[in-house]
Each structure stands twice: as structure tokens, then as C-alpha cells.
Amino acid sequence: MQTLFNRYVFRQIVTALLLILLALTAVLWIALALKSLNVVTSQGQTTFTFLKITFLALPNLVTIIAPVALMIAAVQTLNRINGDSELIVMTASGATVWFIARPFLLMALIVSVLVALGSMIVNPWSARSLQLQIAKVRTDLISQVLKPGEFSTPEKGLAFHIRGRDRNGVINGLLIRDTREKGTSLTYLAERAQIIKQNTKPYLVMYAGHIIRKELDKKAPQVIGFQTYAFDIEQMAPQNKPVYIKPRARYMNELLSPDPKEPYFIRWPGRYRAELHERLSSVLYPFVFVLIVLSQLGHAQTTRQGRIQQIATAIAFSVGIRLAGLAATNLTVKQAWATPLLYILPLGAMAWAIYATHTKMQPRKPSALERKLQGWIEMTVARMTEHTNRFGKRSKAIQPTASGPTS
């Protein structure tokens, strides 16, 4: 019977976890899609590029929300089986809270393994692909000028406009305005232009046009005419902004033994340290959340006893521990001594939850404050019931009776 109960509870928590995780992921994806919508609207990218960028950002978000979804699923499952008196029956048959905890701890182990795989393998791949995709979008001028008659700005100080584009890819009526260099503005005008790739490097070749150079300290602009003018499109990429692979996009071996000559590591060594220990400590939080929920809701209660306070305590404590862990991660970036906090916080919370769960297994006399609070709740409920009954009787007394016509 107990084995069947564990299987039943495990199915319940798996179903709740999948539904909650799907709902939270959908909400986050919609928020992320709205934030990235300018990739299609203002930067002229295709819908496929837009979907690729948004989906590449999802694995990192799912890794963060998966333990939270497990916490909510555990709260929902324990509250439901207690409301259906199933938890009470199992407790009356001699099952302890640790026996009831088995399916929840098994689910925590599964989520912990998935979080480890995600943070150590999937997330670095998706973050690296996302970083390279964003860099490609910023330098892909072919897609930037796809819409005739509209201005597109791949970055601040750089604007493009075309009159039209034929089937052969020839651009008609090209205008480029470049004001990125302080104190200087360049304007390129060309009757025709074409994107040509040589050795995988794109070049913009303009025909029959002018270059207008205007400097602030000079009144008259310089005008240079040309029949053919070509330059490397990569010059239009953000200046003095090399693309570095950030620690979040690094694999575990790169975090364990970073290149000491890499400019990003020389400037921000603490980010490598914080990212490494954040990944290792994140696998503890599924157990932390499950044990906290069990400490508050794992014991059977009658339907007359409210569980709102326990639910609020479990959620508030879980969220507080996770926020404290994130704060410790930020502190680890600047201070190496804060690294042990990333492990002390979840392990300490687990120890407290285990102690609280074990303590509640022993019957104890309610404290004076608990007796007063329980008495106040029962008195309030009784008065509300009495007033409701009186109101119902008064309504029936004044209700008009139907009578037929008198003869």
C-alpha cells in the first residue's frame, strides 16, 4: 500500500511540475519575445532569426525557474493530498513524514541532475550561440537594408536608407550616415550598390556617388566623388568593442582553468570564480526547496486547521534563500572570501528544514501565543457563522408571500 501511495504521489508531483514549468516558461518566453521584437521591427531581421534568438535564451531561464516550479508543485501536491485526507490516512497507518517525502526527494534529485546538465553543458552552448548570433545581427548589413524606403539603425550613430532593391540584389539609391566618430560625420550617397563576398568577408561596393565629410571645427564640408568605391562591411561593426566570450558562455573546463592572458579574465577574474561556484551550488536548491516545503506542509492536518500560514512561510523562506544565494554570487565577483557563502546558505537551509521537520514529528504542547491565536481564529469564525445565520433568518422573515385575488 505504501509503495502504491509513493507511486501515486510521484505521478501527481510530476504532472504538477510539468504544467507549472510549461506555464512559467511560456510567460518568460512571451516577455523575452516582446523585449526582442525590435530585432524584426527596427533591425530588419527575419522571423527565423527572431525565434532563434529568443529560444537560445530560454535554457538559462529554465535552469533558474525549474527549482521554483518544483517548489510550487510540491506545495500544490502536499496541500491537495492533505485536503483529500490522504495524508491523514497515511499518517494514521504509521507512515512518517520521511516516508511521505520519498517521491518529493526523488523528484528533487531528477530536477537537480537536469539543472546540473543544463548549467554545465546546455547553458554554455546556448549562451555562446546567442552571443555570436547577436554579434552577427549587429554586423549583418545585408539584412539591415532589406526594407526600401525605411531607415534602419544597427547601432547608435549609424543609419541606412535605400530607395529600392532589384531581384539580382543590386541596391538602388543608397544613403549611409555615420556619426559614430566624435566631431566628424560621414555621408555616403550612391546611385547603386551591391554586397559582394570574397573569402567569406562581405564588401559593400558603391557606384556613381559622393562622400560628404563634415568636421565640427571646419565650416565647409569635404565632398569626394567616385565612380566605384568599396570598403569592408566589418568596418561598420561597433568600433573598439571586441566580442569576448563571457563566463556564462564558458564550459566547465574553461572556468576551472581559464587562460590567464585573456583580456576579459584579466579585467574580471571574479566573474569566472562566481560563475563556476554558482553552477556547482545551483544543484542544491531543488533539495532546499523540497525540504523547506516538507517542513511546513509535510505533516497531516485536519481540514479545520488552516495551512495558509505554512504555505506563505514555505514560499517566503524559499524565495529568500534563493535571493540570498544570488546576492552571494554578486558578492563573490568582487570578494573571494564570499565564495563559501554559495554553499553555506543552501546547506544551512537544508539543515534547518530537516531539524524543523523532525521536531514537528514529536507531539508538543502549543505555546501561549499559538493558543491565543487559535482561540481568536475560532471565535472569529463562530461570530461570522452566527451573524450569517441571523441574516438568513431575518431575510426569510421579511420575504413577501404570494397571495391570490380575494373574492
# chains A, B, ... in the order shown; residues from 1 in each chain; ligands from 1
call {"tool": "residues_around", "arguments": {"residues": "Arg322 (chain A)", "least_positions_apart": "3", "cutoff": "10 Å", "atoms": "only C-alpha atoms", "output": "compact mmCIF listing (two decimals) with C-alpha atoms, in the first residue's frame"}}
result
# COMPACT_ATOMS: atom_id res chain seq x y z
CA ILE A 64 16.64 29.09 -12.89
CA PRO A 67 13.64 24.56 -8.85
CA VAL A 68 11.00 27.24 -8.31
CA SER A 282 22.67 25.57 -8.00
CA TYR A 285 18.38 24.28 -4.46
CA VAL A 288 16.46 23.03 -0.38
CA PHE A 289 13.01 23.94 -1.69
CA PHE A 317 11.65 31.24 3.07
CA SER A 318 12.47 29.52 -0.24
CA VAL A 319 12.46 32.78 -2.19
CA GLY A 325 22.26 32.98 -2.93
CA LEU A 326 22.11 35.36 -5.89
CA ALA A 327 23.37 38.19 -3.68
CA ALA A 328 26.24 35.97 -2.55
CA LEU A 345 23.31 29.21 2.51
CA PRO A 346 21.65 26.19 0.80
call {"tool": "residues_around", "arguments": {"residues": "Pro340 (chain A)", "least_positions_apart": "4", "cutoff": "12 Å", "atoms": "only C-alpha atoms", "output": "list of chain:residue names"}}
result
A:Arg273, A:Ala274, A:His277, A:Glu278, A:Leu280, A:Ser281, A:Gly325, A:Ala328, A:Thr329, A:Leu331, A:Thr332, A:Gln335, A:Ala336, A:Ile344, A:Leu345, A:Pro346, A:Leu347, A:Gly348
call {"tool": "closest_residue", "arguments": {"among": "A:Thr15, A:Gln76, A:Thr339, A:Thr357", "to": "Ile292 (chain A)", "atoms": "only C-alpha atoms"}}
result
A:Thr357
